[in-house]
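Participant: This is the content of input_11.cif (mmCIF, C-alpha atoms):
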data_my_file
#
loop_
_atom_site.group_PDB
_atom_site.id
_atom_site.type_symbol
_atom_site.label_atom_id
_atom_site.label_comp_id
_atom_site.auth_asym_id
_atom_site.auth_seq_id
_atom_site.Cartn_x
_atom_site.Cartn_y
_atom_site.Cartn_z
ATOM 1 C CA ASN A 1 34.148 -26.231 8.714
ATOM 2 C CA TYR A 2 31.223 -24.604 6.881
ATOM 3 C CA GLY A 3 30.639 -27.717 4.785
ATOM 4 C CA LEU A 4 31.566 -25.985 1.533
ATOM 5 C CA ASN A 5 33.564 -27.699 -1.204
ATOM 6 C CA HIS A 6 35.650 -26.213 -4.023
ATOM 7 C CA THR A 7 35.671 -22.698 -2.577
ATOM 8 C CA VAL A 8 37.503 -19.740 -4.073
ATOM 9 C CA THR A 9 38.116 -16.570 -2.063
ATOM 10 C CA THR A 10 38.277 -13.141 -3.648
ATOM 11 C CA GLU A 11 41.973 -13.049 -2.807
ATOM 12 C CA GLN A 12 42.527 -16.274 -4.756
ATOM 13 C CA TYR A 13 40.383 -15.075 -7.642
ATOM 14 C CA HIS A 14 42.397 -11.852 -7.813
ATOM 15 C CA SER A 15 45.694 -13.738 -7.708
ATOM 16 C CA VAL A 16 44.608 -15.776 -10.769
ATOM 17 C CA LYS A 17 43.223 -12.737 -12.607
ATOM 18 C CA PRO A 18 45.288 -9.780 -11.357
ATOM 19 C CA MET A 19 43.981 -7.456 -14.076
ATOM 20 C CA CYS A 20 40.387 -7.868 -12.854
ATOM 21 C CA TYR A 21 41.312 -5.193 -10.303
ATOM 22 C CA PRO A 22 44.611 -3.583 -11.356
ATOM 23 C CA ASP A 23 44.470 -0.854 -8.688
ATOM 24 C CA LEU A 24 45.520 -3.390 -6.042
ATOM 25 C CA PRO A 25 48.818 -5.170 -6.805
ATOM 26 C CA VAL A 26 48.977 -8.937 -6.424
ATOM 27 C CA ASP A 27 52.003 -10.165 -4.477
ATOM 28 C CA GLU A 28 52.271 -13.407 -6.415
ATOM 29 C CA GLN A 29 50.127 -14.507 -9.338
ATOM 30 C CA THR A 30 48.555 -17.960 -9.034
ATOM 31 C CA LYS A 31 48.653 -20.085 -12.169
ATOM 32 C CA ASP A 32 47.587 -23.509 -10.926
ATOM 33 C CA MET A 33 43.961 -22.685 -10.014
ATOM 34 C CA ASP A 34 41.289 -23.413 -12.588
ATOM 35 C CA LEU A 35 38.537 -20.782 -12.767
ATOM 36 C CA SER A 36 37.043 -22.032 -16.009
ATOM 37 C CA THR A 37 34.233 -23.881 -14.223
ATOM 38 C CA SER A 38 31.218 -21.709 -13.474
ATOM 39 C CA PHE A 39 30.492 -20.818 -9.869
ATOM 40 C CA GLY A 40 27.468 -22.286 -8.126
ATOM 41 C CA ALA A 41 26.961 -19.594 -5.487
ATOM 42 C CA VAL A 42 28.516 -16.598 -3.782
ATOM 43 C CA CYS A 43 28.691 -16.405 0.014
ATOM 44 C CA VAL A 44 29.312 -13.044 1.663
ATOM 45 C CA MET A 45 30.237 -13.991 5.222
ATOM 46 C CA ASN A 46 31.488 -10.618 6.444
ATOM 47 C CA ASP A 47 32.417 -7.172 5.173
ATOM 48 C CA PRO A 48 35.685 -7.439 3.218
ATOM 49 C CA LEU A 49 38.861 -5.459 3.698
ATOM 50 C CA TYR A 50 39.089 -4.289 0.079
ATOM 51 C CA TRP A 51 35.578 -3.238 -0.848
ATOM 52 C CA GLY A 52 36.413 -2.006 -4.351
ATOM 53 C CA ARG A 53 38.087 -5.234 -5.406
ATOM 54 C CA ASP A 54 35.464 -7.506 -3.872
ATOM 55 C CA LEU A 55 32.550 -5.522 -5.311
ATOM 56 C CA GLN A 56 34.158 -5.743 -8.742
ATOM 57 C CA ILE A 57 34.747 -9.494 -8.467
ATOM 58 C CA LEU A 58 31.223 -10.069 -7.133
ATOM 59 C CA CYS A 59 29.685 -8.242 -10.082
ATOM 60 C CA ASP A 60 32.036 -10.021 -12.524
ATOM 61 C CA VAL A 61 31.090 -13.473 -11.217
ATOM 62 C CA ILE A 62 27.393 -12.591 -11.437
ATOM 63 C CA ALA A 63 27.825 -11.352 -15.007
ATOM 64 C CA TYR A 64 29.769 -14.485 -16.021
ATOM 65 C CA SER A 65 26.932 -16.614 -14.611
ATOM 66 C CA ASP A 66 24.414 -14.819 -16.830
ATOM 67 C CA HIS A 67 23.056 -12.953 -13.789
ATOM 68 C CA ASN A 68 21.569 -16.124 -12.377
ATOM 69 C CA ILE A 69 23.815 -17.115 -9.462
ATOM 70 C CA PRO A 70 22.542 -17.087 -5.859
ATOM 71 C CA VAL A 71 24.265 -14.626 -3.524
ATOM 72 C CA TYR A 72 23.969 -15.546 0.155
ATOM 73 C CA ASN A 73 24.516 -12.640 2.528
ATOM 74 C CA ALA A 74 25.196 -13.637 6.125
ATOM 75 C CA CYS A 75 25.007 -10.352 8.007
ATOM 76 C CA ALA A 76 22.781 -7.290 7.726
ATOM 77 C CA ASP A 77 24.310 -4.904 10.268
ATOM 78 C CA LEU A 78 24.711 -1.531 8.557
ATOM 79 C CA HIS A 79 26.831 -0.249 11.440
ATOM 80 C CA TYR A 80 28.692 -1.680 14.390
ATOM 81 C CA SER A 81 30.300 -0.155 17.441
ATOM 82 C CA ALA A 82 34.054 -0.286 18.034
ATOM 83 C CA GLU A 83 36.691 1.740 19.877
ATOM 84 C CA TYR A 84 36.285 4.634 17.440
ATOM 85 C CA PRO A 85 33.757 7.174 18.801
ATOM 86 C CA ASN A 86 31.454 6.994 15.763
ATOM 87 C CA PRO A 87 29.778 3.838 14.370
ATOM 88 C CA ARG A 88 31.688 1.905 11.689
ATOM 89 C CA PHE A 89 30.260 0.460 8.467
ATOM 90 C CA GLY A 90 29.443 -3.251 8.692
ATOM 91 C CA ASN A 91 28.522 -5.977 6.241
ATOM 92 C CA GLY A 92 25.111 -4.431 5.693
ATOM 93 C CA ALA A 93 26.853 -1.393 4.224
ATOM 94 C CA PHE A 94 28.774 -3.634 1.814
ATOM 95 C CA ARG A 95 25.469 -5.173 0.720
ATOM 96 C CA GLU A 96 23.956 -1.728 0.196
ATOM 97 C CA ALA A 97 26.957 -0.749 -1.940
ATOM 98 C CA PHE A 98 26.620 -3.915 -4.029
ATOM 99 C CA GLU A 99 22.896 -3.411 -4.583
ATOM 100 C CA SER A 100 23.405 0.217 -5.590
ATOM 101 C CA LEU A 101 26.280 -0.540 -7.975
ATOM 102 C CA TYR A 102 24.472 -3.454 -9.575
ATOM 103 C CA LYS A 103 21.331 -1.414 -10.202
ATOM 104 C CA ALA A 104 23.383 1.506 -11.535
ATOM 105 C CA SER A 105 25.252 -0.855 -13.870
ATOM 106 C CA TYR A 106 22.351 -2.953 -15.176
ATOM 107 C CA GLY A 107 19.258 -0.872 -14.463
ATOM 108 C CA ILE A 108 17.562 -3.558 -12.336
ATOM 109 C CA GLU A 109 17.791 -4.937 -8.833
ATOM 110 C CA TYR A 110 19.561 -8.254 -8.405
ATOM 111 C CA GLU A 111 16.848 -10.859 -7.860
ATOM 112 C CA HIS A 112 18.912 -13.789 -6.598
ATOM 113 C CA GLN A 113 20.192 -12.439 -3.303
ATOM 114 C CA TYR A 114 19.280 -14.258 -0.088
ATOM 115 C CA LYS A 115 19.688 -12.478 3.224
ATOM 116 C CA TYR A 116 20.495 -14.269 6.461
ATOM 117 C CA GLY A 117 21.581 -13.128 9.907
ATOM 118 C CA LYS A 118 19.885 -10.504 12.033
ATOM 119 C CA PRO A 119 17.103 -9.343 11.708
ATOM 120 C CA ASN A 120 15.910 -12.030 9.281
ATOM 121 C CA GLN A 121 13.463 -14.399 10.933
ATOM 122 C CA ILE A 122 14.998 -17.569 9.494
ATOM 123 C CA SER A 123 18.135 -17.032 11.599
ATOM 124 C CA TYR A 124 16.144 -16.697 14.814
ATOM 125 C CA GLU A 125 14.117 -19.787 13.954
ATOM 126 C CA PHE A 126 17.332 -21.750 13.445
ATOM 127 C CA VAL A 127 18.750 -20.551 16.784
ATOM 128 C CA GLU A 128 15.540 -21.511 18.582
ATOM 129 C CA LYS A 129 15.608 -24.954 16.983
ATOM 130 C CA ILE A 130 19.223 -25.595 18.027
ATOM 131 C CA MET A 131 18.659 -24.298 21.564
ATOM 132 C CA THR A 132 15.570 -26.484 21.954
ATOM 133 C CA GLU A 133 17.473 -29.551 20.770
ATOM 134 C CA ASN A 134 20.410 -28.850 23.081
ATOM 135 C CA ASN A 135 18.110 -28.210 26.021
ATOM 136 C CA ARG A 136 16.526 -31.610 25.472
ATOM 137 C CA LYS A 137 19.890 -33.373 25.105
ATOM 138 C CA ILE A 138 21.257 -32.061 28.395
ATOM 139 C CA GLY A 139 18.003 -32.830 30.215
ATOM 140 C CA HIS A 140 17.553 -29.319 31.553
ATOM 141 C CA GLY A 141 14.164 -30.126 32.994
ATOM 142 C CA GLY A 142 11.408 -28.816 30.781
ATOM 143 C CA PRO A 143 10.841 -26.633 27.741
ATOM 144 C CA ILE A 144 12.561 -23.292 27.301
ATOM 145 C CA GLU A 145 10.356 -20.505 28.641
ATOM 146 C CA ALA A 146 12.013 -17.611 26.886
ATOM 147 C CA ILE A 147 14.943 -16.755 24.638
ATOM 148 C CA TYR A 148 16.585 -13.388 25.180
ATOM 149 C CA MET A 149 18.328 -11.473 22.438
ATOM 150 C CA ILE A 150 20.848 -9.129 24.041
ATOM 151 C CA GLY A 151 22.316 -6.535 21.711
ATOM 152 C CA ASP A 152 23.121 -2.901 21.067
ATOM 153 C CA ASN A 153 21.420 -2.478 17.683
ATOM 154 C CA PRO A 154 17.663 -1.723 17.559
ATOM 155 C CA ASP A 155 17.556 -2.255 13.785
ATOM 156 C CA THR A 156 18.944 -5.813 13.860
ATOM 157 C CA ASP A 157 19.094 -7.347 17.347
ATOM 158 C CA VAL A 158 15.812 -5.958 18.648
ATOM 159 C CA LEU A 159 13.924 -6.013 15.344
ATOM 160 C CA GLY A 160 14.900 -9.634 14.756
ATOM 161 C CA ALA A 161 13.602 -10.735 18.156
ATOM 162 C CA LYS A 162 10.376 -8.780 17.607
ATOM 163 C CA ARG A 163 9.829 -10.402 14.215
ATOM 164 C CA ALA A 164 10.535 -13.862 15.636
ATOM 165 C CA GLY A 165 7.940 -13.378 18.373
ATOM 166 C CA GLY A 166 6.890 -16.329 20.487
ATOM 167 C CA LYS A 167 9.502 -17.048 23.138
ATOM 168 C CA TRP A 168 11.831 -14.287 21.988
ATOM 169 C CA LYS A 169 12.454 -11.240 24.179
ATOM 170 C CA SER A 170 14.830 -8.386 23.436
ATOM 171 C CA ILE A 171 17.214 -6.577 25.755
ATOM 172 C CA LEU A 172 18.833 -3.437 24.371
ATOM 173 C CA THR A 173 22.123 -2.292 25.911
ATOM 174 C CA LEU A 174 23.478 1.223 26.191
ATOM 175 C CA SER A 175 27.074 0.000 26.070
ATOM 176 C CA GLY A 176 27.525 -0.015 22.294
ATOM 177 C CA LEU A 177 25.837 1.264 19.146
ATOM 178 C CA TYR A 178 22.583 2.437 20.737
ATOM 179 C CA GLN A 179 22.972 5.700 22.660
ATOM 180 C CA GLY A 180 19.349 6.752 23.118
ATOM 181 C CA GLY A 181 16.175 7.471 21.185
ATOM 182 C CA LYS A 182 13.182 5.432 20.052
ATOM 183 C CA HIS A 183 13.332 1.663 20.378
ATOM 184 C CA GLU A 184 10.996 -1.334 20.645
ATOM 185 C CA ALA A 185 13.015 -3.493 23.001
ATOM 186 C CA ASP A 186 11.354 -5.292 25.890
ATOM 187 C CA TYR A 187 14.085 -4.071 28.242
ATOM 188 C CA LEU A 188 16.660 -1.284 28.188
ATOM 189 C CA VAL A 189 19.773 -1.805 30.305
ATOM 190 C CA GLU A 190 23.229 -0.332 30.746
ATOM 191 C CA ASP A 191 25.211 -3.431 29.797
ATOM 192 C CA VAL A 192 25.237 -7.230 29.555
ATOM 193 C CA VAL A 193 25.708 -7.602 33.318
ATOM 194 C CA GLU A 194 22.445 -5.771 33.971
ATOM 195 C CA ALA A 195 20.787 -7.780 31.183
ATOM 196 C CA LEU A 196 21.672 -11.016 32.978
ATOM 197 C CA GLU A 197 20.202 -9.616 36.188
ATOM 198 C CA VAL A 198 16.942 -8.904 34.354
ATOM 199 C CA ILE A 199 16.815 -12.482 33.071
ATOM 200 C CA LYS A 200 17.538 -13.956 36.491
ATOM 201 C CA SER A 201 14.893 -11.796 38.151
ATOM 202 C CA ASN A 202 12.325 -12.868 35.556
ATOM 203 C CA HIS A 203 12.911 -16.585 35.844
ATOM 204 C CA HIS A 204 14.707 -17.316 39.128
ATOM 205 C CA SER A 205 15.651 -20.996 38.900
ATOM 206 C CA SER A 206 13.491 -21.969 35.918
ATOM 207 C CA SER A 207 14.741 -22.758 32.408
ATOM 208 C CA TYR A 208 15.460 -19.729 30.239
#
Now, as a test, write the supplied structure out as C-alpha cells.
Facilitator:
Amino acid sequence: NYGLNHTVTTEQYHSVKPMCYPDLPVDEQTKDMDLSTSFGAVCVMNDPLYWGRDLQILCDVIAYSDHNIPVYNACADLHYSAEYPNPRFGNGAFREAFESLYKASYGIEYEHQYKYGKPNQISYEFVEKIMTENNRKIGHGGPIEAIYMIGDNPDTDVLGAKRAGGKWKSILTLSGLYQGGKHEADYLVEDVVEALEVIKSNHHSSSY
C-alpha cells in the first residue's frame, strides 16, 4: 500500500542472516530470499520492537552500500504518552540512537538521512496540499481558512505548525504528553473536545 517494491523487513533480513544478530534467536531460518542485490534505500516507519537488532542491521546495510544509501525517517517524536505514567521513547529516540552509534563507529555524522513527519515542514505542506485538493473535490464552498494542528507535543505538533505558518494554527492539549510549562501554541486546552469547541467558535459555519 506504500507503493514500495522488493521490500525486505529487518525480521526477514535476520531470518536469512541469523548470525548478524546472534543475541536474538531466529525461529526459522529463511533460505529462499536473495539478499545479494544491493539495497536502494532504508525506510524507518516507526520505532522497532528490537532496537539492538534493527540498529545493527541498519548500520550493516549502510556499510554494505559504501555509506551512500538514503535513510528515510518517518517520525521524529522523541517521546509519546501512553498508559504508563511517564513518557515512553518514540521513533525519534531510535533515530537519536542510530545517529549516536553511527558517529561513534565511524567518527562522522551520516549525511544521507532524510527526516519526515512532525515537525518537518515538508509534511505539513503535503497535508495542506491534500486537504486543499479534497476540499475542492467535495465542493465545500470556498478556500480553507485555517488548518488546526491538535496535539500534545510542543516539540513536534506545535513546532511543526509554527514552522509551516500561513493557514496553520496549533492547539496544545493537556490530556497527553504536555503537562505544563513553556509553549508556543496558539491555544491551550484540556482535551480534543475543547479543541473542537475553539475551532467552532472561531469559524462558526465557515470552512476550516
Participant: Determine the nearest neighbour of Gly151 (chain A) from the options A:Arg53, A:His6, A:Lys169, A:Lys17, counting all atoms listed in the file.
Facilitator: A:Lys169
Participant: With only C-alpha atoms as the atoms that count, which of A:Gln56, A:Asn135, A:Asn68, A:Asn91 lies nearest to Ser105 (chain A)?
Facilitator: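 With only C-alpha atoms as the atom set, the closest residue is A:Gln56.
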Participant: As lines of an AutoDock Vina configuration file, please: the centre and edge lengths in Å, to one decimal, of an axis-aligned box enclosing every listed atom of region 71-76 of chain A with 5 Å added on each side.
Facilitator:
center_x = 24.0
center_y = -11.4
center_z = 2.2
size_x = 12.4
size_y = 18.3
size_z = 21.5
Participant: For Leu55 (chain A), which of A:Tyr110, A:Tyr116, A:Tyr102, A:Tyr80 is the closest residue, counting all atoms listed in the file?
Facilitator: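 The shortest atom-to-atom distance to Leu55 (chain A) comes from A:Tyr102.
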Participant: Using CA of Ala146 (chain A) and CA of Val198 (chain A) as the two end points, give the distance in Å to one decimal.
Facilitator: 12.5 Å
Participant: So what does the PyMOL selection byres ((chain A and resi 46) around 10) actually pick up in this one, as a list in words?
Facilitator: Cys43, Val44, Met45, Asp47, Pro48, Leu49, Asn73, Ala74, Cys75, Ala76, Asp77, Gly90, Asn91, Gly92, Phe94 and Arg95 of chain A
Participant: Rounded to one decimal place, report the CA of His183 (chain A)-CA of His204 (chain A) distance in Å.
Facilitator: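 About the pair CA of His183 (chain A) and CA of His204 (chain A): they are 26.7 Å apart.
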Participant: Using all atoms listed in the file, which residues sit within 7 Å of Gln113 (chain A) once same-chain residues fewer than 3 positions away are excluded, as a list in words?
Facilitator: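 The residues satisfying every condition are Pro70, Val71, Tyr72 and Tyr110 of chain A.
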Participant: Kindly indicate which residue among A:Gln179, A:Lys115, A:Cys59, A:Gly139 lies nearest to Ser100 (chain A), using all atoms listed in the file for the distances.
Facilitator: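 Using all atoms listed in the file, the shortest distance to Ser100 (chain A) belongs to A:Cys59.
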Participant: Which residue out of A:Pro85, A:Ile130, A:Asp157, A:Phe98 has the minimum interatomic distance to Gly117 (chain A) when all atoms listed in the file are used?
Facilitator: A:Asp157
Participant: Could you check which of A:Thr10, A:Ser38, A:Ser170, A:Ser65 is closest to Ala195 (chain A), using all atoms listed in the file?
Facilitator: A:Ser170
Participant: Distance CA of Tyr178 (chain A)-CA of Tyr84 (chain A), one decimal place?
Facilitator: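 Computing it gives 14.3 Å between the two atoms.
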Participant: Selection in question (the file shown): the PyMOL selection byres ((chain A and resi 184) around 10). Which residues does it include, as a list in words?
Facilitator: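 Selection result, ordered by chain and number: Pro154, Asp155, Val158, Leu159, Lys162, Ser170, Ile171, Leu172, Lys182, His183, Ala185, Asp186, Tyr187 and Leu188 of chain A.
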Participant: Residue by residue, what does the PyMOL selection byres ((chain A and resi 175) around 9) grab here? Present the result as a VMD selection string.
Facilitator: chain A and resid 152 173 to 174 176 to 179 189 to 192
Participant: What lies within 10 Å of Thr132 (chain A) using all atoms listed in the file, ignoring chain neighbours under 6 positions off, as a PyMOL selection string?
Facilitator: chain A and resi 126+143-144
Participant: Using the atoms already present, construct all heavy atoms for region 95-106 of chain A and hand them back as an mmCIF file, in the coordinates of the input.
Facilitator:
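New file part28.cif:
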data_model
loop_
_atom_site.group_PDB
_atom_site.id
_atom_site.type_symbol
_atom_site.label_atom_id
_atom_site.label_comp_id
_atom_site.auth_asym_id
_atom_site.auth_seq_id
_atom_site.Cartn_x
_atom_site.Cartn_y
_atom_site.Cartn_z
ATOM 1 N N ARG A 95 26.610 -4.706 1.505
ATOM 2 C CA ARG A 95 25.469 -5.173 0.720
ATOM 3 C C ARG A 95 24.760 -4.002 0.044
ATOM 4 O O ARG A 95 24.352 -4.094 -1.119
ATOM 5 C CB ARG A 95 24.489 -5.940 1.609
ATOM 6 C CG ARG A 95 23.417 -6.695 0.823
ATOM 7 C CD ARG A 95 22.256 -7.117 1.698
ATOM 8 N NE ARG A 95 21.442 -5.981 2.059
ATOM 9 C CZ ARG A 95 21.025 -5.703 3.296
ATOM 10 N NH1 ARG A 95 21.364 -6.472 4.304
ATOM 11 N NH2 ARG A 95 20.275 -4.639 3.532
ATOM 12 N N GLU A 96 24.599 -2.907 0.772
ATOM 13 C CA GLU A 96 23.956 -1.728 0.196
ATOM 14 C C GLU A 96 24.769 -1.205 -0.988
ATOM 15 O O GLU A 96 24.200 -0.796 -2.013
ATOM 16 C CB GLU A 96 23.833 -0.632 1.263
ATOM 17 C CG GLU A 96 22.860 -0.936 2.387
ATOM 18 C CD GLU A 96 21.411 -0.749 1.991
ATOM 19 O OE1 GLU A 96 21.159 -0.167 0.902
ATOM 20 O OE2 GLU A 96 20.524 -1.179 2.748
ATOM 21 N N ALA A 97 26.097 -1.213 -0.850
ATOM 22 C CA ALA A 97 26.957 -0.749 -1.940
ATOM 23 C C ALA A 97 26.818 -1.659 -3.160
ATOM 24 O O ALA A 97 26.729 -1.188 -4.307
ATOM 25 C CB ALA A 97 28.410 -0.703 -1.480
ATOM 26 N N PHE A 98 26.800 -2.966 -2.923
ATOM 27 C CA PHE A 98 26.620 -3.915 -4.029
ATOM 28 C C PHE A 98 25.293 -3.686 -4.740
ATOM 29 O O PHE A 98 25.236 -3.622 -5.977
ATOM 30 C CB PHE A 98 26.705 -5.353 -3.517
ATOM 31 C CG PHE A 98 26.045 -6.355 -4.421
ATOM 32 C CD1 PHE A 98 26.552 -6.598 -5.694
ATOM 33 C CD2 PHE A 98 24.892 -7.026 -4.019
ATOM 34 C CE1 PHE A 98 25.923 -7.503 -6.550
ATOM 35 C CE2 PHE A 98 24.267 -7.931 -4.868
ATOM 36 C CZ PHE A 98 24.787 -8.171 -6.130
ATOM 37 N N GLU A 99 24.217 -3.577 -3.975
ATOM 38 C CA GLU A 99 22.896 -3.411 -4.583
ATOM 39 C C GLU A 99 22.823 -2.127 -5.401
ATOM 40 O O GLU A 99 22.235 -2.103 -6.489
ATOM 41 C CB GLU A 99 21.828 -3.415 -3.485
ATOM 42 C CG GLU A 99 21.654 -4.775 -2.813
ATOM 43 C CD GLU A 99 20.697 -4.726 -1.632
ATOM 44 O OE1 GLU A 99 20.307 -3.601 -1.228
ATOM 45 O OE2 GLU A 99 20.333 -5.794 -1.120
ATOM 46 N N SER A 100 23.421 -1.062 -4.874
ATOM 47 C CA SER A 100 23.405 0.217 -5.590
ATOM 48 C C SER A 100 24.229 0.156 -6.874
ATOM 49 O O SER A 100 23.790 0.626 -7.937
ATOM 50 C CB SER A 100 23.950 1.313 -4.671
ATOM 51 O OG SER A 100 23.985 2.566 -5.329
ATOM 52 N N LEU A 101 25.425 -0.444 -6.800
ATOM 53 C CA LEU A 101 26.280 -0.540 -7.975
ATOM 54 C C LEU A 101 25.674 -1.454 -9.041
ATOM 55 O O LEU A 101 25.765 -1.158 -10.233
ATOM 56 C CB LEU A 101 27.663 -1.057 -7.567
ATOM 57 C CG LEU A 101 28.564 -0.053 -6.858
ATOM 58 C CD1 LEU A 101 29.810 -0.744 -6.319
ATOM 59 C CD2 LEU A 101 28.959 1.065 -7.809
ATOM 60 N N TYR A 102 25.078 -2.541 -8.605
ATOM 61 C CA TYR A 102 24.472 -3.454 -9.575
ATOM 62 C C TYR A 102 23.321 -2.779 -10.313
ATOM 63 O O TYR A 102 23.218 -2.867 -11.538
ATOM 64 C CB TYR A 102 23.983 -4.730 -8.885
ATOM 65 C CG TYR A 102 23.481 -5.773 -9.863
ATOM 66 C CD1 TYR A 102 24.363 -6.681 -10.434
ATOM 67 C CD2 TYR A 102 22.134 -5.824 -10.242
ATOM 68 C CE1 TYR A 102 23.914 -7.620 -11.362
ATOM 69 C CE2 TYR A 102 21.688 -6.747 -11.165
ATOM 70 C CZ TYR A 102 22.582 -7.650 -11.716
ATOM 71 O OH TYR A 102 22.140 -8.563 -12.632
ATOM 72 N N LYS A 103 22.465 -2.094 -9.571
ATOM 73 C CA LYS A 103 21.331 -1.414 -10.202
ATOM 74 C C LYS A 103 21.806 -0.292 -11.117
ATOM 75 O O LYS A 103 21.249 -0.080 -12.205
ATOM 76 C CB LYS A 103 20.389 -0.867 -9.132
ATOM 77 C CG LYS A 103 19.091 -0.301 -9.712
ATOM 78 C CD LYS A 103 18.099 0.042 -8.615
ATOM 79 C CE LYS A 103 16.781 0.528 -9.222
ATOM 80 N NZ LYS A 103 15.779 0.835 -8.165
ATOM 81 N N ALA A 104 22.852 0.428 -10.692
ATOM 82 C CA ALA A 104 23.383 1.506 -11.535
ATOM 83 C C ALA A 104 24.007 0.953 -12.810
ATOM 84 O O ALA A 104 23.964 1.592 -13.869
ATOM 85 C CB ALA A 104 24.412 2.306 -10.748
ATOM 86 N N SER A 105 24.576 -0.256 -12.720
ATOM 87 C CA SER A 105 25.252 -0.855 -13.870
ATOM 88 C C SER A 105 24.280 -1.504 -14.844
ATOM 89 O O SER A 105 24.471 -1.440 -16.070
ATOM 90 C CB SER A 105 26.271 -1.903 -13.395
ATOM 91 O OG SER A 105 27.274 -1.316 -12.591
ATOM 92 N N TYR A 106 23.229 -2.153 -14.321
ATOM 93 C CA TYR A 106 22.351 -2.953 -15.176
ATOM 94 C C TYR A 106 20.903 -2.465 -15.220
ATOM 95 O O TYR A 106 20.089 -3.011 -15.965
ATOM 96 C CB TYR A 106 22.388 -4.416 -14.726
ATOM 97 C CG TYR A 106 23.770 -5.012 -14.817
ATOM 98 C CD1 TYR A 106 24.541 -5.197 -13.671
ATOM 99 C CD2 TYR A 106 24.316 -5.371 -16.046
ATOM 100 C CE1 TYR A 106 25.825 -5.733 -13.747
ATOM 101 C CE2 TYR A 106 25.591 -5.904 -16.139
ATOM 102 C CZ TYR A 106 26.344 -6.078 -14.989
ATOM 103 O OH TYR A 106 27.606 -6.609 -15.071
#
